[in-house]
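*Asks:* Structure supplied as target_31.cif; contents: mmCIF, C-alpha atoms.
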```cif
data_target
loop_
_atom_site.label_atom_id
_atom_site.label_comp_id
_atom_site.auth_asym_id
_atom_site.auth_seq_id
_atom_site.Cartn_x
_atom_site.Cartn_y
_atom_site.Cartn_z
CA MET G 1 114.87 21.39 9.12
CA ASN G 2 114.64 24.04 11.80
CA SER G 3 113.70 22.37 15.13
CA THR G 4 111.25 25.20 15.87
CA ILE G 5 109.26 24.42 12.74
CA ILE G 6 109.31 20.66 13.49
CA ASN G 7 107.99 21.22 16.97
CA GLY G 8 105.30 23.50 15.57
CA ILE G 9 104.15 20.85 13.11
CA LYS G 10 104.00 18.25 15.91
CA ALA G 11 101.84 20.57 17.99
CA ILE G 12 99.52 21.21 15.08
CA CYS G 13 99.15 17.49 14.34
CA SER G 14 98.38 16.88 18.00
CA SER G 15 95.66 19.53 17.94
CA ILE G 16 94.17 17.98 14.79
CA SER G 17 93.98 14.58 16.49
CA ILE G 18 92.22 16.08 19.49
CA THR G 19 89.76 17.91 17.24
CA ILE G 20 88.94 14.77 15.29
CA LEU G 21 88.52 12.79 18.52
CA ILE G 22 86.18 15.39 19.96
CA GLY G 23 84.25 15.58 16.69
CA GLY G 24 83.80 11.80 16.77
CA CYS G 25 82.36 11.82 20.30
CA THR G 26 80.00 14.77 19.97
CA THR G 27 78.23 16.21 16.94
CA PRO G 28 78.58 19.98 17.05
CA VAL G 29 75.90 20.54 14.36
CA THR G 30 72.72 18.52 13.71
CA PRO G 31 70.33 18.64 10.72
CA ASP G 32 67.35 20.94 11.12
CA PHE G 33 64.55 18.38 10.76
CA THR G 34 61.91 21.02 11.47
CA GLU G 35 63.04 22.97 8.43
CA MET G 36 63.20 19.77 6.38
CA SER G 37 59.64 18.86 7.39
CA ALA G 38 58.33 22.34 6.62
CA ARG G 39 60.02 22.28 3.23
CA TYR G 40 58.43 18.95 2.42
CA ALA G 41 54.97 20.23 3.46
CA ILE G 42 55.32 23.11 0.99
CA ILE G 43 56.32 20.72 -1.80
CA LEU G 44 53.38 18.40 -1.01
CA GLU G 45 50.94 21.32 -1.07
CA GLN G 46 52.15 22.35 -4.53
CA TYR G 47 51.98 18.73 -5.65
CA GLN G 48 48.30 18.56 -4.69
CA LEU G 49 47.42 21.88 -6.32
CA ASN G 50 49.17 20.95 -9.55
CA SER G 51 47.48 17.53 -9.58
CA ILE G 52 44.04 19.15 -9.41
CA LEU G 53 44.92 21.74 -12.06
CA ILE G 54 46.30 19.23 -14.56
CA ASN G 55 43.10 17.18 -14.29
CA ILE G 56 41.00 20.30 -14.90
CA ILE G 57 43.08 20.90 -18.04
CA ARG G 58 42.58 17.27 -19.07
CA ALA G 59 38.83 17.70 -18.61
CA SER G 60 38.89 20.83 -20.76
CA ASN G 61 40.50 18.76 -23.55
CA GLU G 62 38.16 15.78 -22.94
CA ARG G 63 41.06 13.57 -21.95
CA PRO G 64 40.90 10.86 -19.27
CA LEU G 65 41.43 12.01 -15.71
CA SER G 66 44.15 10.36 -13.64
CA PHE G 67 44.96 10.82 -9.96
CA LEU G 68 48.03 9.91 -7.94
CA ASP G 69 48.62 9.91 -4.21
CA ILE G 70 51.68 9.70 -1.96
CA PRO G 71 51.02 6.98 0.64
CA SER G 72 54.46 7.01 2.28
CA ILE G 73 57.42 9.34 2.80
CA ASN G 74 60.82 8.48 4.26
CA GLY G 75 63.21 11.33 5.08
CA SER G 76 66.85 11.23 6.11
CA GLY G 77 69.46 13.81 7.06
CA ASN G 78 73.22 13.57 7.67
CA VAL G 79 76.23 15.64 8.67
CA SER G 80 79.82 14.82 7.68
CA PHE G 81 83.13 16.52 8.50
CA ASN G 82 86.23 17.03 6.38
CA THR G 83 89.51 17.73 8.21
CA GLY G 84 92.71 19.24 6.84
CA LEU G 85 95.67 21.61 7.32
CA GLY G 86 95.45 25.21 6.30
CA PRO G 87 98.94 26.73 5.66
CA SER G 88 99.46 30.47 5.95
CA MET G 89 102.05 31.75 3.42
CA ASN G 90 104.39 34.61 4.20
CA GLY G 91 107.61 35.91 2.71
CA PHE G 92 109.39 34.74 -0.42
CA ILE G 93 109.44 31.31 -1.98
CA GLY G 94 112.61 29.61 -0.86
CA GLY G 95 112.19 30.56 2.78
CA LEU G 96 114.21 33.73 2.96
CA ALA G 97 111.54 35.13 5.22
CA GLY G 98 108.91 33.17 7.11
CA GLY G 99 110.70 29.84 7.17
CA PRO G 100 111.08 27.13 4.55
CA LEU G 101 108.75 27.37 1.58
CA GLY G 102 107.45 30.60 3.02
CA ILE G 103 105.09 28.79 5.49
CA SER G 104 104.71 30.89 8.63
CA SER G 105 101.99 28.75 10.30
CA LEU G 106 99.73 25.72 9.90
CA SER G 107 96.15 25.58 11.31
CA PRO G 108 93.73 22.63 11.40
CA THR G 109 90.40 22.92 9.57
CA LEU G 110 87.11 21.09 10.26
CA ALA G 111 84.51 21.69 7.51
CA PRO G 112 80.99 20.26 8.06
CA SER G 113 78.81 19.28 5.11
CA PHE G 114 75.08 18.64 5.28
CA GLY G 115 72.72 16.44 3.29
CA ASN G 116 69.06 15.47 3.38
CA SER G 117 66.85 13.42 1.12
CA PHE G 118 63.29 12.14 0.82
CA ASN G 119 62.13 8.86 -0.65
CA PHE G 120 58.44 8.76 -1.50
CA SER G 121 56.11 6.50 -3.42
CA GLN G 122 53.30 7.39 -5.80
CA SER G 123 50.22 5.23 -6.09
CA SER G 124 47.56 5.44 -8.77
CA LEU G 125 43.97 5.99 -7.66
CA ASP G 126 42.62 4.55 -10.91
CA ASN G 127 40.82 1.67 -9.21
CA ALA G 128 37.22 0.63 -8.56
CA THR G 129 37.24 1.64 -4.88
CA PHE G 130 38.18 5.24 -5.60
CA LEU G 131 36.11 5.59 -8.76
CA GLN G 132 32.97 4.28 -7.07
CA GLY G 133 32.77 7.43 -4.96
CA PHE G 134 34.28 9.66 -7.63
CA LEU G 135 31.55 8.80 -10.14
CA SER G 136 28.71 8.87 -7.60
CA GLN G 137 26.53 11.84 -6.81
CA ILE G 138 27.84 14.19 -4.13
CA PRO G 139 25.76 13.56 -0.99
CA ILE G 140 23.60 16.47 0.09
CA GLY G 141 25.15 16.18 3.56
CA THR G 142 28.57 16.82 2.04
CA ALA G 143 27.30 19.97 0.33
CA LYS G 144 26.17 21.12 3.78
CA PHE G 145 29.83 21.20 4.87
CA PHE G 146 30.49 23.98 2.36
CA ILE G 147 27.71 26.25 3.59
CA SER G 148 29.69 28.76 5.61
CA ASP G 149 30.30 32.48 5.86
CA ASN G 150 33.66 32.10 4.12
CA ILE G 151 32.32 30.25 1.05
CA PRO G 152 29.73 32.22 -0.93
CA ARG G 153 26.65 30.14 -1.70
CA GLU G 154 26.82 31.07 -5.37
CA VAL G 155 30.26 29.39 -5.53
CA MET G 156 29.15 26.20 -3.83
CA PHE G 157 25.91 25.82 -5.81
CA SER G 158 27.64 26.65 -9.10
CA LEU G 159 30.04 23.77 -8.46
CA VAL G 160 27.55 21.11 -7.33
CA VAL G 161 24.37 21.93 -9.28
CA ALA G 162 24.38 20.63 -12.85
CA SER G 163 20.93 21.87 -13.82
CA ILE G 164 17.74 23.50 -12.54
CA GLU G 165 14.41 22.17 -13.75
CA ILE G 166 11.04 23.82 -13.12
CA LYS G 167 8.21 21.38 -13.68
CA GLN G 168 4.76 22.94 -13.89
CA ALA G 169 1.53 21.33 -12.75
CA ASP G 170 0.40 20.69 -16.35
CA GLY G 171 3.53 18.60 -16.97
CA LYS G 172 5.50 21.17 -18.94
CA SER G 173 9.03 21.79 -17.70
CA THR G 174 11.89 24.17 -18.30
CA ARG G 175 15.47 23.03 -17.74
CA TYR G 176 18.47 25.30 -17.29
CA ILE G 177 21.90 23.71 -17.86
CA ASN G 178 24.94 24.89 -15.90
CA ASN G 179 27.40 24.92 -18.79
CA PRO G 180 29.19 28.19 -19.70
CA LEU G 181 29.77 26.90 -23.24
CA LEU G 182 26.02 26.86 -23.96
CA PRO G 183 24.15 29.98 -25.12
CA GLU G 184 21.44 29.49 -22.43
CA TYR G 185 23.99 29.67 -19.58
CA PRO G 186 22.94 33.25 -18.63
CA ALA G 187 19.40 31.93 -18.09
CA PHE G 188 20.76 29.34 -15.64
CA GLN G 189 22.63 32.01 -13.70
CA ALA G 190 19.53 34.20 -13.57
CA GLU G 191 17.44 31.32 -12.16
CA LEU G 192 20.16 30.38 -9.65
CA TYR G 193 20.46 33.93 -8.35
CA LYS G 194 16.69 34.17 -8.01
CA LEU G 195 16.77 31.08 -5.79
CA LEU G 196 19.70 32.50 -3.86
CA SER G 197 17.71 35.67 -3.21
CA TYR G 198 14.93 33.44 -1.85
CA GLY G 199 17.43 31.95 0.60
CA LEU G 200 18.56 28.73 -1.12
CA THR G 201 20.63 26.61 1.28
CA VAL G 202 21.25 23.09 2.58
CA ASP G 203 19.74 22.32 5.94
CA GLN G 204 19.53 19.33 8.26
CA VAL G 205 15.98 18.24 9.03
CA LYS G 206 14.83 16.03 11.86
CA GLU G 207 13.86 12.53 10.87
CA GLY G 208 12.45 9.58 12.74
CA PRO G 209 14.33 6.36 13.60
CA LYS G 210 15.89 4.47 10.75
CA LYS G 211 16.86 0.84 10.71
CA ASN G 212 20.60 0.37 10.43
CA SER G 213 20.78 -3.19 9.19
CA SER G 214 23.76 -5.44 9.73
CA PRO G 215 24.82 -8.12 7.25
CA ALA G 216 22.90 -11.34 7.45
CA LEU G 217 24.78 -14.53 8.11
CA GLY G 218 26.60 -15.76 5.04
CA ARG G 219 26.02 -12.57 3.00
CA THR G 220 28.39 -9.90 1.77
CA ALA G 221 28.00 -6.14 1.96
CA ASN G 222 25.65 -4.76 -0.64
CA TYR G 223 27.51 -1.62 -1.68
CA SER G 224 25.83 0.94 -3.86
CA GLN G 225 27.04 1.10 -7.42
CA PRO G 226 28.55 4.15 -9.12
CA ASN G 227 26.00 6.31 -10.86
CA MET G 228 25.90 9.41 -12.93
CA PRO G 229 24.49 12.62 -11.42
CA SER G 230 20.80 12.30 -10.68
CA SER G 231 18.08 14.64 -9.58
CA TYR G 232 17.24 15.27 -5.98
CA GLN G 233 13.53 15.68 -5.57
CA SER G 234 11.60 15.74 -2.33
CA PRO G 235 8.19 14.06 -2.03
CA GLY G 236 6.72 17.50 -2.59
CA GLY G 237 8.82 18.04 -5.67
CA TYR G 238 11.49 20.46 -4.48
CA GLY G 239 15.24 20.24 -4.24
CA GLY G 240 15.71 17.07 -2.32
CA TYR G 241 17.05 15.47 0.78
CA GLY G 242 19.53 12.73 1.43
CA GLY G 243 21.30 11.06 4.28
CA SER G 244 23.09 7.92 5.32
CA SER G 245 21.26 4.62 5.32
CA GLY G 246 22.19 1.05 6.02
CA ALA G 247 24.89 -0.10 3.61
CA TYR G 248 24.37 -3.77 4.32
CA GLY G 249 21.58 -6.16 3.53
CA GLY G 250 20.04 -8.28 6.25
CA MET G 251 17.08 -8.77 8.51
CA TYR G 252 18.29 -7.53 11.88
CA GLY G 253 19.77 -4.27 13.07
CA GLN G 254 19.58 -1.53 15.63
CA MET G 255 17.18 1.36 15.37
CA GLN G 256 18.89 4.74 15.43
CA LEU G 257 18.33 8.28 14.28
CA GLN G 258 19.78 9.07 10.88
CA PRO G 259 20.41 12.69 9.86
CA GLN G 260 18.62 13.86 6.75
CA PHE G 261 19.62 16.86 4.65
CA LYS G 262 17.52 18.89 2.30
CA ILE G 263 18.15 21.58 -0.30
CA CYS G 264 15.58 24.14 0.71
CA VAL G 265 14.77 27.82 1.16
CA ASP G 266 14.87 29.73 4.41
CA GLU G 267 11.70 31.62 5.15
CA ASN G 268 12.50 35.29 4.80
CA LYS G 269 11.01 38.48 3.42
CA PHE G 270 10.63 36.78 0.02
CA ALA G 271 8.55 33.91 1.44
CA ASN G 272 5.33 35.17 -0.18
CA PHE G 273 6.99 35.28 -3.61
CA VAL G 274 8.20 31.71 -3.10
CA LYS G 275 4.74 30.48 -2.11
CA GLU G 276 3.23 32.01 -5.22
CA GLU G 277 5.52 29.94 -7.43
CA PHE G 278 6.30 26.80 -5.42
CA SER G 279 4.55 24.64 -2.86
CA SER G 280 5.27 25.06 0.85
CA ASP G 281 7.52 21.96 0.78
CA ILE G 282 10.26 24.19 -0.56
CA PHE G 283 10.87 25.65 2.90
CA CYS G 284 13.45 24.12 5.23
CA LYS G 285 10.96 23.85 8.11
CA ALA G 286 8.55 21.73 6.08
CA SER G 287 8.29 18.21 7.50
CA LEU G 288 9.53 15.41 5.30
CA ASN G 289 7.00 13.02 6.80
CA ALA G 290 3.97 15.27 6.27
CA PRO G 291 1.36 13.90 3.84
CA LYS G 292 1.92 15.20 0.34
CA ASN G 293 -0.98 16.36 -1.76
CA LYS G 294 -0.78 17.05 -5.44
CA SER G 295 -0.13 20.75 -5.75
CA SER G 296 -1.04 23.16 -8.48
CA LYS G 297 2.27 24.93 -7.94
CA SER G 298 5.50 24.28 -9.81
CA GLU G 299 8.07 21.74 -8.71
CA LEU G 300 11.75 22.57 -8.54
CA ILE G 301 14.27 19.83 -9.30
CA LEU G 302 18.01 20.30 -8.88
CA THR G 303 20.46 17.88 -10.48
CA ILE G 304 23.51 17.36 -8.26
CA ARG G 305 26.90 16.59 -9.74
CA SER G 306 29.44 13.90 -8.92
CA PRO G 307 33.10 14.84 -8.26
CA ASN G 308 33.81 13.65 -11.80
CA THR G 309 31.29 16.02 -13.37
CA VAL G 310 32.59 18.86 -11.18
CA PHE G 311 35.92 18.43 -13.01
CA GLU G 312 34.04 18.38 -16.32
CA TYR G 313 32.32 21.64 -15.39
CA LEU G 314 35.60 23.32 -14.43
CA GLY G 315 37.05 22.06 -17.72
CA GLN G 316 34.20 23.89 -19.46
CA VAL G 317 35.06 27.03 -17.48
CA VAL G 318 38.67 26.79 -18.72
CA SER G 319 37.57 26.07 -22.31
CA ALA G 320 35.40 29.20 -22.24
CA GLN G 321 38.52 31.27 -21.50
CA ASN G 322 40.43 29.79 -24.45
CA GLN G 323 37.74 29.83 -27.13
CA GLU G 324 37.58 32.24 -30.05
CA ASN G 325 35.49 34.67 -28.02
CA PRO G 326 36.97 34.34 -24.52
CA PHE G 327 34.49 34.26 -21.67
CA ILE G 328 35.29 34.32 -17.94
CA VAL G 329 32.66 32.85 -15.62
CA THR G 330 31.97 35.43 -12.94
CA LEU G 331 29.71 35.06 -9.91
CA PRO G 332 28.49 38.46 -8.72
CA PRO G 333 28.00 38.63 -4.94
CA SER G 334 24.63 37.55 -3.59
CA ALA G 335 22.98 39.16 -0.56
CA THR G 336 24.92 37.05 1.96
CA THR G 337 28.36 37.29 0.27
CA GLN G 338 31.11 39.01 2.19
CA ALA G 339 33.27 41.36 0.15
CA ARG G 340 36.74 40.01 -0.57
CA LYS G 341 39.73 40.96 -2.76
CA ILE G 342 38.28 44.45 -3.14
CA GLY G 343 39.78 46.35 -6.07
CA GLN G 344 41.41 43.32 -7.65
CA GLU G 345 40.87 42.38 -11.26
CA ASN G 346 38.61 39.35 -11.74
CA GLN G 347 37.37 39.82 -8.18
CA TYR G 348 34.40 37.46 -8.60
CA ALA G 349 35.74 35.12 -11.28
CA LEU G 350 35.09 31.45 -10.48
CA LEU G 351 38.37 30.15 -11.90
CA ILE G 352 41.18 31.91 -13.77
CA VAL G 353 43.57 29.74 -15.81
CA ARG G 354 46.08 31.36 -18.15
CA LYS G 355 47.75 29.61 -21.05
CA ASN G 356 51.49 30.06 -21.70
CA ASP G 357 51.68 33.03 -19.35
CA SER G 358 55.22 34.32 -18.76
CA SER G 359 54.61 35.49 -15.20
CA ASN G 360 56.77 33.90 -12.51
CA LYS G 361 54.21 34.35 -9.71
CA ASN G 362 51.69 31.53 -9.88
CA PHE G 363 49.35 29.84 -7.46
CA ALA G 364 49.67 26.61 -9.49
CA ARG G 365 51.44 25.82 -12.76
CA VAL G 366 51.47 22.67 -14.93
CA LYS G 367 52.62 21.59 -18.39
CA ASN G 368 50.11 19.71 -20.48
CA ILE G 369 50.87 16.78 -22.78
CA ASP G 370 51.00 19.18 -25.76
CA ASP G 371 53.71 21.25 -23.97
CA ASP G 372 51.36 24.17 -23.31
CA VAL G 373 51.82 25.64 -19.84
CA HIS G 374 48.67 26.42 -17.85
CA SER G 375 48.78 28.43 -14.66
CA ILE G 376 46.60 30.07 -12.04
CA PRO G 377 48.04 33.49 -11.26
CA ALA G 378 49.02 34.33 -7.70
CA ASN G 379 47.07 37.60 -7.89
CA ASP G 380 43.83 38.68 -9.53
CA ASN G 381 42.62 35.08 -9.49
CA GLY G 382 39.12 35.54 -8.04
CA TYR G 383 37.75 32.43 -6.34
CA SER G 384 40.40 30.13 -7.86
CA PRO G 385 42.18 29.22 -4.58
CA MET G 386 38.83 28.59 -2.88
CA VAL G 387 37.68 26.34 -5.73
CA LEU G 388 40.85 24.23 -5.61
CA LYS G 389 40.49 23.89 -1.84
CA ILE G 390 36.89 22.62 -2.20
CA ILE G 391 37.94 20.17 -4.93
CA SER G 392 40.80 18.91 -2.75
CA GLN G 393 38.37 18.20 0.07
CA LEU G 394 35.94 16.42 -2.25
CA LEU G 395 38.77 14.20 -3.49
CA SER G 396 39.92 13.45 0.05
CA LEU G 397 36.42 12.22 0.95
CA ASN G 398 36.82 9.55 -1.75
CA LYS G 399 40.14 8.29 -0.38
CA VAL G 400 38.56 5.56 1.68
CA PRO G 401 40.38 2.42 2.88
CA GLY G 402 41.40 0.41 -0.15
CA SER G 403 41.40 3.31 -2.61
CA ILE G 404 45.15 3.87 -2.15
CA PRO G 405 47.03 0.66 -3.08
CA VAL G 406 49.29 -0.81 -0.40
CA SER G 407 52.01 -1.59 -2.92
CA PRO G 408 53.00 1.57 -4.82
CA GLY G 409 53.53 1.42 -8.52
CA ILE G 410 56.35 4.00 -8.56
CA LEU G 411 59.09 4.56 -5.99
CA LEU G 412 60.99 7.82 -6.36
CA ARG G 413 64.32 8.44 -4.66
#
```
Spit out the file's structure as structure tokens when you get a sec.
*Replies:*
Amino acid sequence: MNSTIINGIKAICSSISITILIGGCTTPVTPDFTEMSARYAIILEQYQLNSILINIIRASNERPLSFLDIPSINGSGNVSFNTGLGPSMNGFIGGLAGGPLGISSLSPTLAPSFGNSFNFSQSSLDNATFLQGFLSQIPIGTAKFFISDNIPREVMFSLVVASIEIKQADGKSTRYINNPLLPEYPAFQAELYKLLSYGLTVDQVKEGPKKNSSPALGRTANYSQPNMPSSYQSPGGYGGYGGSSGAYGGMYGQMQLQPQFKICVDENKFANFVKEEFSSDIFCKASLNAPKNKSSKSELILTIRSPNTVFEYLGQVVSAQNQENPFIVTLPPSATTQARKIGQENQYALLIVRKNDSSNKNFARVKNIDDDVHSIPANDNGYSPMVLKIISQLLSLNKVPGSIPVSPGILLR
């Protein structure tokens, strides 16, 4: 073999050894963990949205609800290198030009390859700790969190109020059910919007000291039991108030102020109309500790939902869209609602869910047990994203210590 070619091969092999040695001492490329983390956050967001949507679909079909959570995530990334020789061919086979076999030069190659993976576990929330809060009435103080300029009051009250009852002084009462599948649903909306025009809200009222008891010696915590939605009714008959109280039984405890919340009406230009129909206890500034006299005016009783019955209600909203005569629940803007999504279709729809829609742009998309695909469109979806955000927050409030099992039932790699 030509000595020039031999010397060239020796030089190339030497350069390959140096390259490999350098590559072993220093890593020229590292995994982008920031990108990996961001990618995982996007996947987790979609996981949460789809989990809420599939349970709304289950509720619409009167199937059991089931929730999963991801208590732990382990991520890993790696970089590996493959080395080799890259011949450059020139001339004719046989080496008439360019040397033997037509090889004119050899160059080392160093090809990096990347890999990353996530291991995560899924735990079922179908346990007594989670369901205790999930089946219990939403605290009035929690509803207060959703009174903001960004969330229209008609959206919040439509989600949490199951019914409106007007009880007259003679004992007769009229009850309006918040169910879009019932023929009297328009009457409920009319009554709700009348209250909204009066200034219906949730307000914190000042309350005197409350005794926060600590557990007596040798006794266990006396936790409240799950209950179905119940009516909030103030001593005067209106709306209601609620707050935190001692969760433990016992004889001794510190005295401290406890916040109290009340569904009430702000005094505004419609105050005289309110006073004609309801007693003065309906106003937010009315004292809870003031003596209550039997009034000749009507009482207003609002039934507040639990997170479970919120899902049932949204299932009814979806069922209304898939019935023989489709009906979309819309919430026209009240006086305090800020305009949003101007010009879009279904601008004020509470929740839009399409069945077997072929569009590729979706806010959330799930396949049901019967293989039907349900999706929330990315555009023209009204209040749908806002509703799913509120539901996500309500669910998170029920993820108290012990509700997520320590040992996961499923480990996915």
*Asks:* Starting from the displayed file, determine the output of the PyMOL selection byres ((chain G and resi 192-206) around 6) and express the residue list as a count of residues only.
*Replies:* 13
*Asks:* Just want the 10 Å neighbourhood of stretch 151-153 of chain G, counted on all atoms listed in the file, with same-chain residues fewer than 5 positions away dropped. Output as a ChimeraX atom specification.
*Replies:* /G:146,158-159,193,196,199-202,331,333-339,383,386-387,390
*Asks:* Calculate how many Å separate atom CA of G:Ser136 from atom CA of G:Lys399, rounding to one decimal.
*Replies:*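 About the pair atom CA of G:Ser136 and atom CA of G:Lys399: they are 13.5 Å apart.
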*Asks:* What gap, in Å, lies between atom CA of G:Val373 and atom CA of G:Lys355?
*Replies:*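 Value for the atom CA of G:Val373-atom CA of G:Lys355 distance: 5.8 Å.
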*Asks:* I need the residue nearest G:Phe311 from this list: G:Ile376, G:Glu45, G:Gln122, G:Ser392. Use only C-alpha atoms for the distance.
*Replies:*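 Nearest candidate to G:Phe311 out of G:Ile376, G:Glu45, G:Gln122, G:Ser392: G:Ser392.
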*Asks:* Choose the residue, out of G:Val353, G:Ile42, G:Ala271, G:Ile166, that has the smallest atom-to-atom separation from G:Cys284; count all atoms listed in the file.
*Replies:*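 Closest to G:Cys284, using all atoms listed in the file: G:Ala271.
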*Asks:* Which residue is closest to G:Phe120? Choose from G:Glu345, G:Ile177, G:Leu44, G:Asp170 and count only C-alpha atoms.
*Replies:*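 Selected residue with least distance to G:Phe120: G:Leu44.
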*Asks:* I need stretch 350-370 of chain G written out with N, CA and C atoms, as a compact mmCIF listing (two decimals), in the first residue's frame; please produce it.
*Replies:*
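As written to disk, result22.txt reads:
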```txt
# COMPACT_ATOMS: atom_id res chain seq x y z
N LEU G 350 -72.35 29.42 28.29
CA LEU G 350 -71.69 28.97 29.52
C LEU G 350 -70.65 27.90 29.22
N LEU G 351 -71.02 26.90 28.42
CA LEU G 351 -70.10 25.81 28.10
C LEU G 351 -70.48 25.24 26.74
N ILE G 352 -69.50 25.15 25.85
CA ILE G 352 -69.70 24.58 24.53
C ILE G 352 -68.93 23.27 24.43
N VAL G 353 -69.64 22.17 24.19
CA VAL G 353 -69.01 20.86 24.00
C VAL G 353 -69.58 20.26 22.73
N ARG G 354 -68.70 19.96 21.79
CA ARG G 354 -69.12 19.38 20.51
C ARG G 354 -68.84 17.88 20.49
N LYS G 355 -69.71 17.16 19.80
CA LYS G 355 -69.61 15.71 19.75
C LYS G 355 -69.15 15.28 18.35
N ASN G 356 -68.05 14.51 18.34
CA ASN G 356 -67.48 13.98 17.08
C ASN G 356 -67.23 15.09 16.08
N ASP G 357 -66.63 16.17 16.56
CA ASP G 357 -66.28 17.30 15.69
C ASP G 357 -64.93 17.01 15.03
N SER G 358 -64.81 17.30 13.75
CA SER G 358 -63.60 16.97 13.00
C SER G 358 -62.52 18.04 13.09
N SER G 359 -62.79 19.13 13.77
CA SER G 359 -61.81 20.22 13.85
C SER G 359 -60.58 19.77 14.62
N ASN G 360 -59.41 20.26 14.20
CA ASN G 360 -58.15 19.91 14.86
C ASN G 360 -57.77 20.90 15.95
N LYS G 361 -58.45 22.04 16.02
CA LYS G 361 -58.14 23.05 17.02
C LYS G 361 -59.14 22.94 18.16
N ASN G 362 -58.66 22.42 19.29
CA ASN G 362 -59.54 22.19 20.43
C ASN G 362 -58.89 22.72 21.71
N PHE G 363 -59.71 23.20 22.59
CA PHE G 363 -59.24 23.61 23.92
C PHE G 363 -59.05 22.37 24.80
N ALA G 364 -59.93 21.39 24.65
CA ALA G 364 -59.82 20.10 25.33
C ALA G 364 -60.55 19.08 24.48
N ARG G 365 -60.09 17.83 24.54
CA ARG G 365 -60.66 16.79 23.67
C ARG G 365 -60.50 15.44 24.37
N VAL G 366 -61.60 14.67 24.48
CA VAL G 366 -61.55 13.37 25.14
C VAL G 366 -62.41 12.38 24.37
N LYS G 367 -62.10 11.10 24.54
CA LYS G 367 -62.91 10.02 23.96
C LYS G 367 -63.64 9.32 25.08
N ASN G 368 -64.95 9.20 24.92
CA ASN G 368 -65.77 8.58 25.94
C ASN G 368 -65.72 7.06 25.81
N ILE G 369 -66.31 6.36 26.76
CA ILE G 369 -66.28 4.90 26.78
C ILE G 369 -67.00 4.30 25.58
N ASP G 370 -67.93 5.05 24.97
CA ASP G 370 -68.65 4.57 23.79
C ASP G 370 -67.97 4.99 22.49
```
